[in-house]
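See below for final_32.cif, which holds mmCIF, C-alpha atoms.
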```cif
data_coords
#
loop_
_atom_site.label_atom_id
_atom_site.label_comp_id
_atom_site.auth_asym_id
_atom_site.auth_seq_id
_atom_site.Cartn_x
_atom_site.Cartn_y
_atom_site.Cartn_z
CA MET R 260 -9.54 -106.35 -25.06
CA LEU R 261 -9.67 -110.16 -24.82
CA ARG R 262 -13.35 -110.11 -25.73
CA LYS R 263 -12.66 -107.93 -28.76
CA LEU R 264 -9.89 -110.29 -29.86
CA ALA R 265 -12.19 -113.30 -29.50
CA ALA R 266 -14.88 -111.57 -31.57
CA LEU R 267 -12.28 -110.66 -34.21
CA ALA R 268 -11.03 -114.24 -34.23
CA CYS R 269 -14.58 -115.39 -34.89
CA VAL R 270 -14.82 -113.23 -38.00
CA LEU R 271 -11.30 -113.95 -39.26
CA ALA R 272 -11.78 -117.68 -38.80
CA LEU R 273 -14.79 -117.54 -41.06
CA LEU R 274 -13.54 -115.24 -43.78
CA PRO R 275 -11.13 -117.58 -45.62
CA ALA R 276 -13.43 -120.59 -45.74
CA ALA R 277 -16.97 -119.28 -45.58
CA PRO R 278 -18.88 -118.99 -48.87
CA ALA R 279 -20.05 -115.58 -50.05
CA HIS R 280 -23.62 -116.73 -49.62
CA ALA R 281 -25.61 -119.44 -47.89
CA ALA R 282 -25.02 -122.83 -49.47
CA GLN R 283 -28.43 -123.95 -50.65
CA THR R 284 -28.67 -127.71 -50.91
CA THR R 285 -30.91 -129.45 -53.42
CA LEU R 286 -33.08 -130.80 -50.62
CA ARG R 287 -36.44 -129.05 -50.64
CA ALA R 288 -37.43 -129.73 -47.06
CA ALA R 289 -37.74 -128.16 -43.62
CA ASP R 290 -36.50 -128.68 -40.07
CA PRO R 291 -32.99 -130.12 -40.53
CA SER R 292 -31.55 -132.16 -37.67
CA VAL R 293 -27.93 -133.21 -38.19
CA LEU R 294 -25.11 -134.54 -36.03
CA ARG R 295 -21.66 -136.00 -36.66
CA VAL R 296 -20.64 -139.44 -35.48
CA GLY R 297 -16.96 -140.05 -36.27
CA GLY R 298 -16.52 -138.88 -39.86
CA THR R 299 -20.16 -139.39 -40.83
CA TYR R 300 -22.84 -136.73 -40.86
CA VAL R 301 -26.29 -138.10 -40.05
CA GLY R 302 -29.42 -136.15 -40.92
CA VAL R 303 -33.09 -136.90 -40.35
CA GLN R 304 -36.24 -135.56 -42.00
CA SER R 305 -39.95 -136.23 -42.13
CA ILE R 306 -41.31 -137.82 -45.29
CA GLY R 307 -44.65 -136.52 -46.48
CA ASP R 308 -45.96 -136.05 -42.92
CA ALA R 309 -46.18 -139.84 -42.66
CA GLY R 310 -42.71 -141.19 -42.01
CA ILE R 311 -39.10 -140.51 -41.09
CA ALA R 312 -35.96 -140.96 -43.21
CA VAL R 313 -32.25 -140.83 -42.38
CA ARG R 314 -29.46 -139.66 -44.68
CA GLN R 315 -25.72 -140.20 -44.17
CA ALA R 316 -22.79 -138.47 -45.89
CA SER R 317 -19.17 -137.47 -45.37
CA SER R 318 -20.11 -133.76 -45.22
CA THR R 319 -23.12 -131.57 -44.57
CA ASP R 320 -23.06 -130.53 -48.23
CA GLY R 321 -23.34 -134.19 -49.24
CA LEU R 322 -26.49 -134.96 -47.26
CA ALA R 323 -28.93 -133.78 -49.91
CA ALA R 324 -27.47 -136.17 -52.51
CA ALA R 325 -27.35 -139.12 -50.09
CA ALA R 326 -30.08 -141.69 -50.53
CA PRO R 327 -32.74 -141.37 -47.81
CA ARG R 328 -33.54 -144.57 -45.93
CA THR R 329 -36.98 -144.74 -44.38
CA VAL R 330 -36.59 -145.81 -40.75
CA TRP R 331 -40.17 -145.44 -39.55
CA THR R 332 -43.61 -145.12 -41.11
CA ASP R 333 -46.87 -144.04 -39.53
CA SER R 334 -48.59 -147.40 -39.79
CA GLY R 335 -50.72 -146.56 -36.78
CA ASN R 336 -52.12 -143.42 -38.45
CA LEU R 337 -50.98 -141.07 -35.73
CA GLY R 338 -51.12 -138.22 -38.27
CA GLU R 339 -48.89 -135.27 -39.28
CA VAL R 340 -45.38 -136.46 -38.48
CA TRP R 341 -43.28 -133.31 -38.03
CA ALA R 342 -39.75 -132.16 -37.24
CA PRO R 343 -37.79 -135.27 -36.20
CA GLU R 344 -34.68 -134.61 -34.09
CA ILE R 345 -31.82 -137.13 -33.99
CA HIS R 346 -29.62 -137.69 -30.94
CA PHE R 347 -26.84 -140.11 -30.00
CA ASP R 348 -26.75 -141.30 -26.41
CA GLY R 349 -25.06 -144.33 -24.87
CA GLY R 350 -24.28 -145.89 -28.23
CA ARG R 351 -27.87 -145.61 -29.52
CA TYR R 352 -29.61 -143.22 -31.87
CA TYR R 353 -32.81 -141.61 -30.65
CA ILE R 354 -35.21 -139.79 -32.95
CA TYR R 355 -37.77 -137.54 -31.29
CA PHE R 356 -40.73 -136.33 -33.33
CA THR R 357 -44.26 -135.04 -33.00
CA ALA R 358 -47.31 -136.70 -34.48
CA GLY R 359 -51.03 -136.06 -34.29
CA ARG R 360 -53.77 -133.89 -35.69
CA GLY R 361 -54.83 -130.49 -34.42
CA SER R 362 -54.66 -130.27 -30.64
CA LEU R 363 -53.61 -133.93 -30.38
CA HIS R 364 -49.96 -133.44 -31.39
CA ARG R 365 -47.71 -135.22 -28.89
CA MET R 366 -44.03 -136.19 -28.74
CA TYR R 367 -42.79 -139.69 -29.64
CA VAL R 368 -39.38 -141.38 -29.73
CA ILE R 369 -37.81 -144.29 -31.61
CA SER R 370 -34.31 -145.70 -31.13
CA SER R 371 -31.73 -147.97 -32.73
CA ALA R 372 -28.10 -149.03 -32.40
CA THR R 373 -27.68 -148.19 -36.12
CA ALA R 374 -28.31 -144.78 -37.66
CA ASP R 375 -30.42 -145.87 -40.64
CA THR R 376 -32.08 -149.16 -39.72
CA GLY R 377 -33.47 -151.28 -36.90
CA TYR R 378 -35.52 -148.67 -35.07
CA THR R 379 -37.99 -149.61 -32.36
CA ALA R 380 -41.69 -148.95 -32.52
CA ALA R 381 -42.69 -145.42 -31.55
CA THR R 382 -43.11 -144.73 -27.84
CA ARG R 383 -45.15 -141.76 -26.75
CA LEU R 384 -43.28 -139.54 -24.30
CA ALA R 385 -45.31 -138.99 -21.16
CA LEU R 386 -44.64 -135.27 -20.86
CA PRO R 387 -45.92 -133.43 -17.79
CA ASP R 388 -49.40 -131.90 -18.19
CA ASP R 389 -49.92 -133.83 -21.47
CA LYS R 390 -50.51 -130.80 -23.73
CA TRP R 391 -49.86 -130.14 -27.44
CA ALA R 392 -46.12 -130.49 -28.02
CA ILE R 393 -43.68 -130.26 -30.94
CA ASP R 394 -39.94 -129.88 -31.59
CA GLY R 395 -38.73 -131.88 -28.59
CA THR R 396 -34.95 -132.12 -28.26
CA MET R 397 -32.85 -133.81 -25.59
CA PHE R 398 -29.52 -132.69 -24.17
CA ILE R 399 -27.25 -133.49 -21.22
CA LEU R 400 -25.80 -130.81 -18.97
CA ASN R 401 -23.59 -131.68 -15.99
CA GLY R 402 -24.81 -135.27 -16.03
CA GLN R 403 -28.52 -134.39 -16.07
CA ARG R 404 -30.67 -135.14 -19.12
CA TRP R 405 -33.20 -132.52 -20.14
CA LEU R 406 -35.94 -132.25 -22.73
CA VAL R 407 -36.90 -128.86 -24.13
CA TRP R 408 -39.85 -128.40 -26.50
CA SER R 409 -42.46 -126.03 -27.89
CA GLY R 410 -45.99 -126.38 -26.59
CA TRP R 411 -49.26 -124.89 -25.49
CA ALA R 412 -50.06 -123.84 -21.94
CA GLY R 413 -53.59 -125.23 -22.28
CA ASP R 414 -55.70 -126.89 -24.93
CA THR R 415 -56.14 -123.98 -27.35
CA ASN R 416 -53.79 -122.55 -29.94
CA VAL R 417 -53.04 -119.16 -28.34
CA GLU R 418 -49.23 -119.15 -28.38
CA GLN R 419 -46.34 -121.59 -28.45
CA ASN R 420 -44.05 -121.42 -25.45
CA LEU R 421 -40.77 -123.16 -24.69
CA TYR R 422 -40.85 -125.71 -21.87
CA ILE R 423 -38.17 -127.76 -20.14
CA ALA R 424 -38.34 -130.92 -18.03
CA ARG R 425 -35.85 -133.30 -16.49
CA MET R 426 -35.37 -136.79 -17.92
CA THR R 427 -34.31 -139.96 -16.10
CA SER R 428 -33.53 -141.69 -19.41
CA PRO R 429 -33.67 -140.78 -23.11
CA THR R 430 -37.30 -141.97 -23.16
CA THR R 431 -38.61 -140.87 -19.75
CA ALA R 432 -39.43 -137.37 -18.55
CA THR R 433 -39.88 -136.76 -14.84
CA GLY R 434 -41.31 -134.07 -12.62
CA ALA R 435 -43.01 -130.90 -13.79
CA ARG R 436 -42.65 -128.91 -16.98
CA TYR R 437 -41.32 -125.39 -16.63
CA VAL R 438 -41.91 -122.53 -19.04
CA ILE R 439 -38.66 -120.79 -19.99
CA SER R 440 -39.82 -118.52 -22.81
CA GLN R 441 -43.00 -116.99 -24.15
CA PRO R 442 -43.26 -114.91 -27.35
CA ARG R 443 -43.80 -111.59 -25.60
CA GLU R 444 -41.10 -109.33 -27.10
CA SER R 445 -42.06 -107.00 -29.96
CA TRP R 446 -39.50 -108.53 -32.34
CA GLU R 447 -41.02 -112.01 -31.92
CA ARG R 448 -44.61 -110.79 -32.31
CA VAL R 449 -44.41 -109.38 -35.84
CA VAL R 450 -46.33 -112.35 -37.23
CA GLY R 451 -48.72 -114.29 -35.04
CA ASN R 452 -52.01 -116.16 -34.78
CA PRO R 453 -50.51 -117.83 -32.91
CA TYR R 454 -47.34 -116.12 -31.68
CA ILE R 455 -44.52 -118.61 -31.69
CA ASN R 456 -41.41 -119.77 -29.89
CA GLU R 457 -40.40 -123.14 -31.36
CA ALA R 458 -37.55 -125.36 -32.60
CA PRO R 459 -35.30 -125.01 -29.52
CA GLU R 460 -31.70 -126.22 -29.78
CA ALA R 461 -29.32 -126.38 -26.82
CA ILE R 462 -25.63 -125.52 -26.87
CA ARG R 463 -22.95 -124.73 -24.25
CA ASP R 464 -20.66 -121.74 -24.65
CA PRO R 465 -16.88 -121.60 -24.00
CA ASN R 466 -17.56 -120.54 -20.40
CA GLY R 467 -19.84 -123.54 -19.83
CA ARG R 468 -23.09 -121.56 -19.82
CA LEU R 469 -26.21 -123.03 -21.38
CA HIS R 470 -27.94 -121.42 -24.38
CA ILE R 471 -31.23 -122.33 -26.07
CA VAL R 472 -31.50 -120.97 -29.62
CA TYR R 473 -35.03 -121.03 -31.01
CA SER R 474 -37.21 -119.86 -33.89
CA ALA R 475 -39.64 -116.97 -33.48
CA ASN R 476 -42.52 -115.52 -35.54
CA GLY R 477 -44.71 -117.60 -37.83
CA SER R 478 -42.89 -120.18 -39.95
CA TRP R 479 -45.22 -119.22 -42.83
CA SER R 480 -43.62 -115.74 -42.98
CA ASP R 481 -40.24 -114.29 -43.93
CA GLN R 482 -40.20 -112.81 -40.41
CA TYR R 483 -39.19 -116.26 -39.15
CA CYS R 484 -35.84 -115.91 -37.39
CA LEU R 485 -33.54 -117.24 -34.67
CA GLY R 486 -33.37 -115.72 -31.22
CA GLU R 487 -31.87 -117.13 -28.07
CA LEU R 488 -32.03 -117.64 -24.33
CA ARG R 489 -28.86 -117.52 -22.22
CA LEU R 490 -28.88 -119.05 -18.75
CA ARG R 491 -27.20 -116.84 -16.16
CA ALA R 492 -24.00 -118.18 -14.61
CA GLY R 493 -24.98 -120.71 -11.94
CA GLY R 494 -28.63 -120.40 -12.95
CA ASP R 495 -31.44 -122.93 -12.61
CA PRO R 496 -32.69 -124.12 -16.04
CA THR R 497 -36.22 -124.51 -14.62
CA TYR R 498 -36.51 -120.91 -13.36
CA VAL R 499 -37.71 -118.62 -16.12
CA TRP R 500 -36.06 -115.47 -14.69
CA ASP R 501 -32.62 -117.10 -14.76
CA TRP R 502 -32.85 -116.96 -18.56
CA TYR R 503 -31.94 -113.80 -20.49
CA LYS R 504 -33.40 -113.35 -23.96
CA SER R 505 -31.61 -111.75 -26.90
CA ASN R 506 -32.88 -108.25 -27.71
CA GLY R 507 -33.78 -109.17 -31.27
CA CYS R 508 -33.21 -111.80 -33.92
CA LEU R 509 -29.67 -113.17 -34.17
CA PHE R 510 -30.32 -114.72 -37.60
CA GLY R 511 -33.07 -113.24 -39.73
CA SER R 512 -33.84 -111.43 -42.96
CA ASN R 513 -35.47 -108.22 -41.69
CA ARG R 514 -33.28 -105.46 -40.29
CA ALA R 515 -36.05 -103.97 -38.15
CA THR R 516 -36.15 -107.05 -35.90
CA MET R 517 -32.41 -107.77 -35.68
CA MET R 518 -30.47 -107.55 -32.43
CA PRO R 519 -28.41 -104.31 -32.44
CA GLY R 520 -25.05 -105.12 -34.03
CA TRP R 521 -26.41 -108.09 -36.00
CA ASP R 522 -27.09 -107.84 -39.75
CA PRO R 523 -29.88 -109.42 -41.80
CA THR R 524 -29.29 -112.17 -44.33
CA LEU R 525 -28.35 -111.32 -47.91
CA THR R 526 -29.59 -114.25 -49.98
CA VAL R 527 -32.26 -116.08 -47.98
CA ASN R 528 -35.53 -115.13 -46.34
CA GLY R 529 -36.86 -116.38 -43.03
CA PRO R 530 -34.00 -118.60 -41.82
CA GLY R 531 -35.07 -120.82 -38.96
CA HIS R 532 -35.36 -124.25 -37.37
CA HIS R 533 -31.61 -124.77 -37.33
CA SER R 534 -29.30 -127.57 -36.24
CA PHE R 535 -25.93 -127.13 -34.56
CA VAL R 536 -23.88 -129.90 -36.19
CA LEU R 537 -22.00 -131.20 -33.15
CA LEU R 538 -19.93 -134.33 -32.54
CA ASN R 539 -22.36 -136.99 -31.29
CA GLY R 540 -24.83 -134.14 -30.88
CA ASP R 541 -23.11 -133.39 -27.57
CA ILE R 542 -23.53 -129.75 -26.48
CA THR R 543 -20.16 -129.88 -24.70
CA THR R 544 -18.43 -130.28 -28.11
CA SER R 545 -19.42 -126.80 -29.26
CA PRO R 546 -16.56 -124.68 -30.61
CA PRO R 547 -14.23 -122.57 -28.49
CA ALA R 548 -14.17 -118.83 -29.03
CA GLY R 549 -12.93 -118.13 -32.53
CA PRO R 550 -13.31 -121.19 -34.76
CA ARG R 551 -16.26 -121.67 -37.07
CA PHE R 552 -18.59 -124.63 -36.75
CA PRO R 553 -21.11 -126.06 -39.23
CA LEU R 554 -24.77 -125.15 -39.07
CA MET R 555 -27.81 -126.31 -41.00
CA PHE R 556 -31.07 -124.42 -41.25
CA HIS R 557 -34.05 -124.08 -43.54
CA ALA R 558 -34.94 -120.94 -45.45
CA VAL R 559 -36.48 -119.70 -48.69
CA PRO R 560 -34.28 -118.20 -51.44
CA LYS R 561 -34.75 -114.46 -51.87
CA GLY R 562 -36.86 -113.71 -54.92
CA THR R 563 -39.02 -116.78 -54.28
CA PRO R 564 -42.50 -116.64 -52.73
CA TYR R 565 -42.25 -117.44 -49.05
CA THR R 566 -44.19 -120.66 -48.65
CA TRP R 567 -43.59 -123.88 -46.77
CA ALA R 568 -43.23 -125.67 -50.11
CA ASN R 569 -40.29 -123.40 -51.08
CA ARG R 570 -38.13 -124.17 -48.04
CA TYR R 571 -34.71 -125.74 -48.59
CA TRP R 572 -32.00 -127.05 -46.31
CA TYR R 573 -28.98 -124.75 -46.20
CA THR R 574 -25.48 -125.18 -44.85
CA GLY R 575 -23.97 -122.28 -42.96
CA SER R 576 -21.74 -121.67 -39.98
CA PHE R 577 -21.73 -120.01 -36.57
CA CYS R 578 -19.32 -118.88 -33.88
CA TRP R 579 -19.41 -117.42 -30.40
CA TRP R 580 -19.52 -113.65 -29.87
CA ASP R 581 -18.39 -112.57 -26.42
CA GLY R 582 -19.16 -109.43 -24.42
CA THR R 583 -22.81 -109.29 -25.48
CA THR R 584 -25.29 -107.72 -23.07
CA TYR R 585 -28.94 -108.73 -23.01
CA SER R 586 -31.29 -106.39 -21.14
CA ARG R 587 -34.80 -106.68 -19.71
CA ALA R 588 -37.13 -104.68 -17.51
CA ASN R 589 -39.86 -105.10 -14.89
CA VAL R 590 -39.00 -108.70 -14.03
CA PRO R 591 -37.24 -110.34 -11.07
CA GLY R 592 -33.44 -110.51 -11.10
CA ALA R 593 -30.73 -108.34 -12.58
CA PRO R 594 -31.85 -106.19 -15.54
CA THR R 595 -28.79 -107.06 -17.66
CA ASP R 596 -26.53 -110.03 -18.29
CA THR R 597 -23.29 -110.05 -20.30
CA GLY R 598 -21.67 -113.07 -21.87
CA TYR R 599 -21.41 -115.01 -25.10
CA SER R 600 -23.95 -114.69 -27.87
CA LEU R 601 -23.75 -116.22 -31.35
CA LYS R 602 -23.06 -114.93 -34.83
CA PHE R 603 -24.64 -116.87 -37.70
CA PHE R 604 -23.25 -116.77 -41.23
CA GLU R 605 -24.78 -117.57 -44.58
#
```
Before anything else, please render the file you have as structure tokens.
Amino acid sequence: MLRKLAALACVLALLPAAPAHAAQTTLRAADPSVLRVGGTYVGVQSIGDAGIAVRQASSTDGLAAAAPRTVWTDSGNLGEVWAPEIHFDGGRYYIYFTAGRGSLHRMYVISSATADTGYTAATRLALPDDKWAIDGTMFILNGQRWLVWSGWAGDTNVEQNLYIARMTSPTTATGARYVISQPRESWERVVGNPYINEAPEAIRDPNGRLHIVYSANGSWSDQYCLGELRLRAGGDPTYVWDWYKSNGCLFGSNRATMMPGWDPTLTVNGPGHHSFVLLNGDITTSPPAGPRFPLMFHAVPKGTPYTWANRYWYTGSFCWWDGTTYSRANVPGAPTDTGYSLKFFE
């Protein structure tokens, strides 16, 4: 009964304030990364594959109209600057991004004490195994820093997996990399060449359990969607079989690939590469069961050809959904796990 009440509270909390449709901003761009520091929302985006800009506003809706300030340019000709992620740690802003061409994409980081100026030169992250890597994002859980990213197992573009590694500082990874997800479920293999798990974002649920929400299927297709990994209670983030994967998309535009009990979007196609808009970007500030929390994601308006050029930033919301069972078969560990999942709202 308590779980049903929490789920009902999630819906009721959203109904009075949530818009009838996803709030499309005027920003034609992809891969939003947004956090809140005090009363200011800080967003970061790549500029023409050759630089990084920061926007600041008093609301997520206001970010698109805020003047972008370029904080870093690719003067060293690293090539193809993609998907910057902004974090706030120890009073400094850190922006992680990938740069390179073809198989040479690697992760880099810049930092500053001020959100929109004064950033350091780019430092390449020395990730274990030194393979193609994108979408790196840092988080802290129980005092330990972690980096999770999307990458290749080898040197060829076969599939994009999710990897995790420990960090001793915001700029230093340590130890091995550990695969925590591969695109092997039917719902995340609708569009491939390669098959994709990318854009991971960490968040902690009201019971303290770790979740990694990620994008699946090709970003060039309206099959792009959000799925998630939930770490079992007391689990080891580096052990792949301690993670339970959702049995379908949690946020997507195609009913056939949705998790049972989750509905497809009404006004956008291919929602993906989202950002939980958390205070200081801290995963421990995620909402309790019930209240809504802001979300940003990119998508293409329905009725518009699905192309990278037609992606916009959208504002939405999310809340926790308790009592959700994820199931699996023919792998080590328990075949089912029940706990919080997430509901996403346009």
Any idea what's packed within 9 Å of Tyr483 of chain R, counting all atoms listed in the file, ignoring anything in its chain fewer than 4 positions away? Could you give it as a short mmCIF file (atom, residue, chain, number, x, y, z; two decimals) with C-alpha atoms, in the frame of the given file?
```cif
data_model
loop_
_atom_site.label_atom_id
_atom_site.label_comp_id
_atom_site.auth_asym_id
_atom_site.auth_seq_id
_atom_site.Cartn_x
_atom_site.Cartn_y
_atom_site.Cartn_z
CA GLU R 447 -41.02 -112.01 -31.92
CA VAL R 450 -46.33 -112.35 -37.23
CA SER R 474 -37.21 -119.86 -33.89
CA ALA R 475 -39.64 -116.97 -33.48
CA ASN R 476 -42.52 -115.52 -35.54
CA GLY R 477 -44.71 -117.60 -37.83
CA SER R 478 -42.89 -120.18 -39.95
CA TRP R 479 -45.22 -119.22 -42.83
CA GLY R 511 -33.07 -113.24 -39.73
CA SER R 512 -33.84 -111.43 -42.96
CA ASN R 528 -35.53 -115.13 -46.34
CA GLY R 529 -36.86 -116.38 -43.03
CA PRO R 530 -34.00 -118.60 -41.82
CA GLY R 531 -35.07 -120.82 -38.96
CA ALA R 558 -34.94 -120.94 -45.45
#
```
Evaluate the PyMOL selection byres ((chain R and resi 486) around 10) against this structure - the residues, as a PDB file with C-alpha atoms, keeping the file's coordinate frame, please.
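Final output, result_6.pdb:
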```pdb
ATOM      1  CA  TRP R 446     -39.500-108.530 -32.340  1.00  0.00           C
ATOM      2  CA  GLU R 447     -41.020-112.010 -31.920  1.00  0.00           C
ATOM      3  CA  ASN R 456     -41.410-119.770 -29.890  1.00  0.00           C
ATOM      4  CA  PRO R 459     -35.300-125.010 -29.520  1.00  0.00           C
ATOM      5  CA  ILE R 471     -31.230-122.330 -26.070  1.00  0.00           C
ATOM      6  CA  VAL R 472     -31.500-120.970 -29.620  1.00  0.00           C
ATOM      7  CA  TYR R 473     -35.030-121.030 -31.010  1.00  0.00           C
ATOM      8  CA  SER R 474     -37.210-119.860 -33.890  1.00  0.00           C
ATOM      9  CA  ALA R 475     -39.640-116.970 -33.480  1.00  0.00           C
ATOM     10  CA  TYR R 483     -39.190-116.260 -39.150  1.00  0.00           C
ATOM     11  CA  CYS R 484     -35.840-115.910 -37.390  1.00  0.00           C
ATOM     12  CA  LEU R 485     -33.540-117.240 -34.670  1.00  0.00           C
ATOM     13  CA  GLU R 487     -31.870-117.130 -28.070  1.00  0.00           C
ATOM     14  CA  LEU R 488     -32.030-117.640 -24.330  1.00  0.00           C
ATOM     15  CA  LYS R 504     -33.400-113.350 -23.960  1.00  0.00           C
ATOM     16  CA  SER R 505     -31.610-111.750 -26.900  1.00  0.00           C
ATOM     17  CA  ASN R 506     -32.880-108.250 -27.710  1.00  0.00           C
ATOM     18  CA  GLY R 507     -33.780-109.170 -31.270  1.00  0.00           C
ATOM     19  CA  CYS R 508     -33.210-111.800 -33.920  1.00  0.00           C
ATOM     20  CA  LEU R 509     -29.670-113.170 -34.170  1.00  0.00           C
ATOM     21  CA  PHE R 510     -30.320-114.720 -37.600  1.00  0.00           C
ATOM     22  CA  GLY R 511     -33.070-113.240 -39.730  1.00  0.00           C
ATOM     23  CA  MET R 517     -32.410-107.770 -35.680  1.00  0.00           C
ATOM     24  CA  MET R 518     -30.470-107.550 -32.430  1.00  0.00           C
ATOM     25  CA  GLY R 531     -35.070-120.820 -38.960  1.00  0.00           C
ATOM     26  CA  LEU R 601     -23.750-116.220 -31.350  1.00  0.00           C
TER      27      LEU R 601
END
```
If we count only C-alpha atoms and set the cut-off at 9 Å, which residues sit around Ala380 of chain R, ignoring sequence neighbours fewer than 5 positions away in its own chain? Please answer as an mmCIF file with C-alpha atoms, in the coordinates of the input.
```cif
data_model
loop_
_atom_site.group_PDB
_atom_site.id
_atom_site.type_symbol
_atom_site.label_atom_id
_atom_site.label_comp_id
_atom_site.auth_asym_id
_atom_site.auth_seq_id
_atom_site.Cartn_x
_atom_site.Cartn_y
_atom_site.Cartn_z
ATOM 1 C CA TRP R 331 -40.170 -145.440 -39.550
ATOM 2 C CA VAL R 368 -39.380 -141.380 -29.730
ATOM 3 C CA ILE R 369 -37.810 -144.290 -31.610
ATOM 4 C CA SER R 370 -34.310 -145.700 -31.130
#
```
task: Give me, please, the distance in Å between atom CA of Gly494 of chain R and atom CA of Arg463 of chain R, quoted to one decimal.
output: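 Pair atom CA of Gly494 of chain R / atom CA of Arg463 of chain R returns 13.4 Å.
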- prompt: Looking at R:Asp389, R:Thr524, R:Tyr437, R:Asn401, which one is nearest to Asp414 of chain R, with distances taken over all atoms listed in the file?
  reply: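 Checking each of R:Asp389, R:Thr524, R:Tyr437, R:Asn401 against Asp414 of chain R, counting all atoms listed in the file, the winner is R:Asp389.
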message: Which residues would end up in the selection if the PyMOL selection byres ((chain R and resi 375) around 8) were applied here, given that I need the answer as a list of chain:residue names?
response: R:Ala312, R:Val313, R:Arg314, R:Arg328, R:Thr329, R:Val330, R:Thr373, R:Ala374, R:Thr376, R:Gly377
Two-atom distance - atom CA of Gly310 of chain R, atom CA of Ser428 of chain R (Å):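 A separation of 24.4 Å between them.
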(-27.9, -140.7, -25.3) in this file's frame - what residues fall within 9 Å of it? Use only C-alpha atoms and give the answer as a PDB file with C-alpha atoms, in the frame of the given file.
```
ATOM      1  CA  HIS R 346     -29.620-137.690 -30.940  1.00  0.00           C
ATOM      2  CA  PHE R 347     -26.840-140.110 -30.000  1.00  0.00           C
ATOM      3  CA  ASP R 348     -26.750-141.300 -26.410  1.00  0.00           C
ATOM      4  CA  GLY R 349     -25.060-144.330 -24.870  1.00  0.00           C
ATOM      5  CA  GLY R 350     -24.280-145.890 -28.230  1.00  0.00           C
ATOM      6  CA  ARG R 351     -27.870-145.610 -29.520  1.00  0.00           C
ATOM      7  CA  TYR R 352     -29.610-143.220 -31.870  1.00  0.00           C
ATOM      8  CA  TYR R 353     -32.810-141.610 -30.650  1.00  0.00           C
ATOM      9  CA  MET R 397     -32.850-133.810 -25.590  1.00  0.00           C
ATOM     10  CA  PHE R 398     -29.520-132.690 -24.170  1.00  0.00           C
ATOM     11  CA  ILE R 399     -27.250-133.490 -21.220  1.00  0.00           C
ATOM     12  CA  ARG R 404     -30.670-135.140 -19.120  1.00  0.00           C
ATOM     13  CA  SER R 428     -33.530-141.690 -19.410  1.00  0.00           C
ATOM     14  CA  PRO R 429     -33.670-140.780 -23.110  1.00  0.00           C
ATOM     15  CA  ASN R 539     -22.360-136.990 -31.290  1.00  0.00           C
TER      16      ASN R 539
END
```
query: Selected by the PyMOL selection byres ((chain R and resi 406) around 8) in the shown coordinates: which residues, as a ChimeraX atom specification?
result: /R:395-398,404-405,407-408,423-426,432
Keeping C-alpha atoms, export the residues of the selection given above as a CSV table (one decimal), in the frame of the given file.
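After the write, result.csv holds the following:
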```csv
chain,number,residue,atom,x,y,z
R,395,GLY,CA,-38.7,-131.9,-28.6
R,396,THR,CA,-35.0,-132.1,-28.3
R,397,MET,CA,-32.8,-133.8,-25.6
R,398,PHE,CA,-29.5,-132.7,-24.2
R,404,ARG,CA,-30.7,-135.1,-19.1
R,405,TRP,CA,-33.2,-132.5,-20.1
R,407,VAL,CA,-36.9,-128.9,-24.1
R,408,TRP,CA,-39.8,-128.4,-26.5
R,423,ILE,CA,-38.2,-127.8,-20.1
R,424,ALA,CA,-38.3,-130.9,-18.0
R,425,ARG,CA,-35.8,-133.3,-16.5
R,426,MET,CA,-35.4,-136.8,-17.9
R,432,ALA,CA,-39.4,-137.4,-18.6
```
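Among the candidates R:Ser480, R:Thr285, R:Ser334, R:Ser534, the one nearest to Asp394 of chain R when counting all atoms listed in the file is R:Ser534.
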task: Skip Thr299 of chain R itself and residues of its chain fewer than 4 positions away, then list as a list in words all residues within 8 Å of it, counting only C-alpha atoms.
output: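 The residues that qualify are Arg295, Gln315, Ala316, Ser317 and Ser318 of chain R.
Counting all atoms listed in the file and comparing R:Pro564, R:Pro523, R:Gly335, R:Gly540, the residue that lies closest to Thr382 of chain R is R:Gly335.
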message: Could you check the closest approach to Thr427 of chain R for each of R:Pro327, R:Ser445, R:Ala568, R:Gly402 and tell me which residue wins, using all atoms listed in the file?
response: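 Using all atoms listed in the file, the shortest distance to Thr427 of chain R belongs to R:Gly402.
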task: Tell me which protein, DNA and RNA residues are within 12 Å of Tyr498 of chain R, counting all atoms listed in the file, leaving out same-chain ones fewer than 3 positions away, and put them as a list in words.
output: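 Neighbouring residues, sequence-local ones excluded: Tyr422, Ile423, Ala424, Ala435, Arg436, Tyr437, Val438, Ile439, Ser440, Leu490, Arg491, Gly493, Gly494, Asp495, Asp501, Trp502, Tyr503, Pro591 and Gly592 of chain R.
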For segment 308-314 of chain R, what centre and edge lengths in Å (one decimal) does the axis-aligned box get once 6 Å is added on each side of all its listed atoms, as lines of an AutoDock Vina configuration file?
```
center_x = -37.8
center_y = -138.6
center_z = -42.9
size_x = 28.7
size_y = 17.1
size_z = 15.6
```
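The gap separating atom CA of Ser409 of chain R from atom CA of Pro387 of chain R is 13.0 Å, in Å to one decimal.
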Find the nearest atom pair between each residue of segment 290-360 of chain R and segment 547-554 of chain R for residues within 10 Å, count all atoms listed in the file, give distances in Å to one decimal, sort rows by chain and ascending number, and present the table as JSON lines.
```
{"residue": "R:Pro291", "atom": "CA", "partner": "R:Leu554", "partner_atom": "CA", "distance": 9.7}
{"residue": "R:Ser292", "atom": "CA", "partner": "R:Leu554", "partner_atom": "CA", "distance": 9.9}
{"residue": "R:Val293", "atom": "CA", "partner": "R:Leu554", "partner_atom": "CA", "distance": 8.7}
{"residue": "R:Leu294", "atom": "CA", "partner": "R:Leu554", "partner_atom": "CA", "distance": 9.9}
{"residue": "R:Ser318", "atom": "CA", "partner": "R:Pro553", "partner_atom": "CA", "distance": 9.8}
{"residue": "R:Thr319", "atom": "CA", "partner": "R:Pro553", "partner_atom": "CA", "distance": 7.9}
```
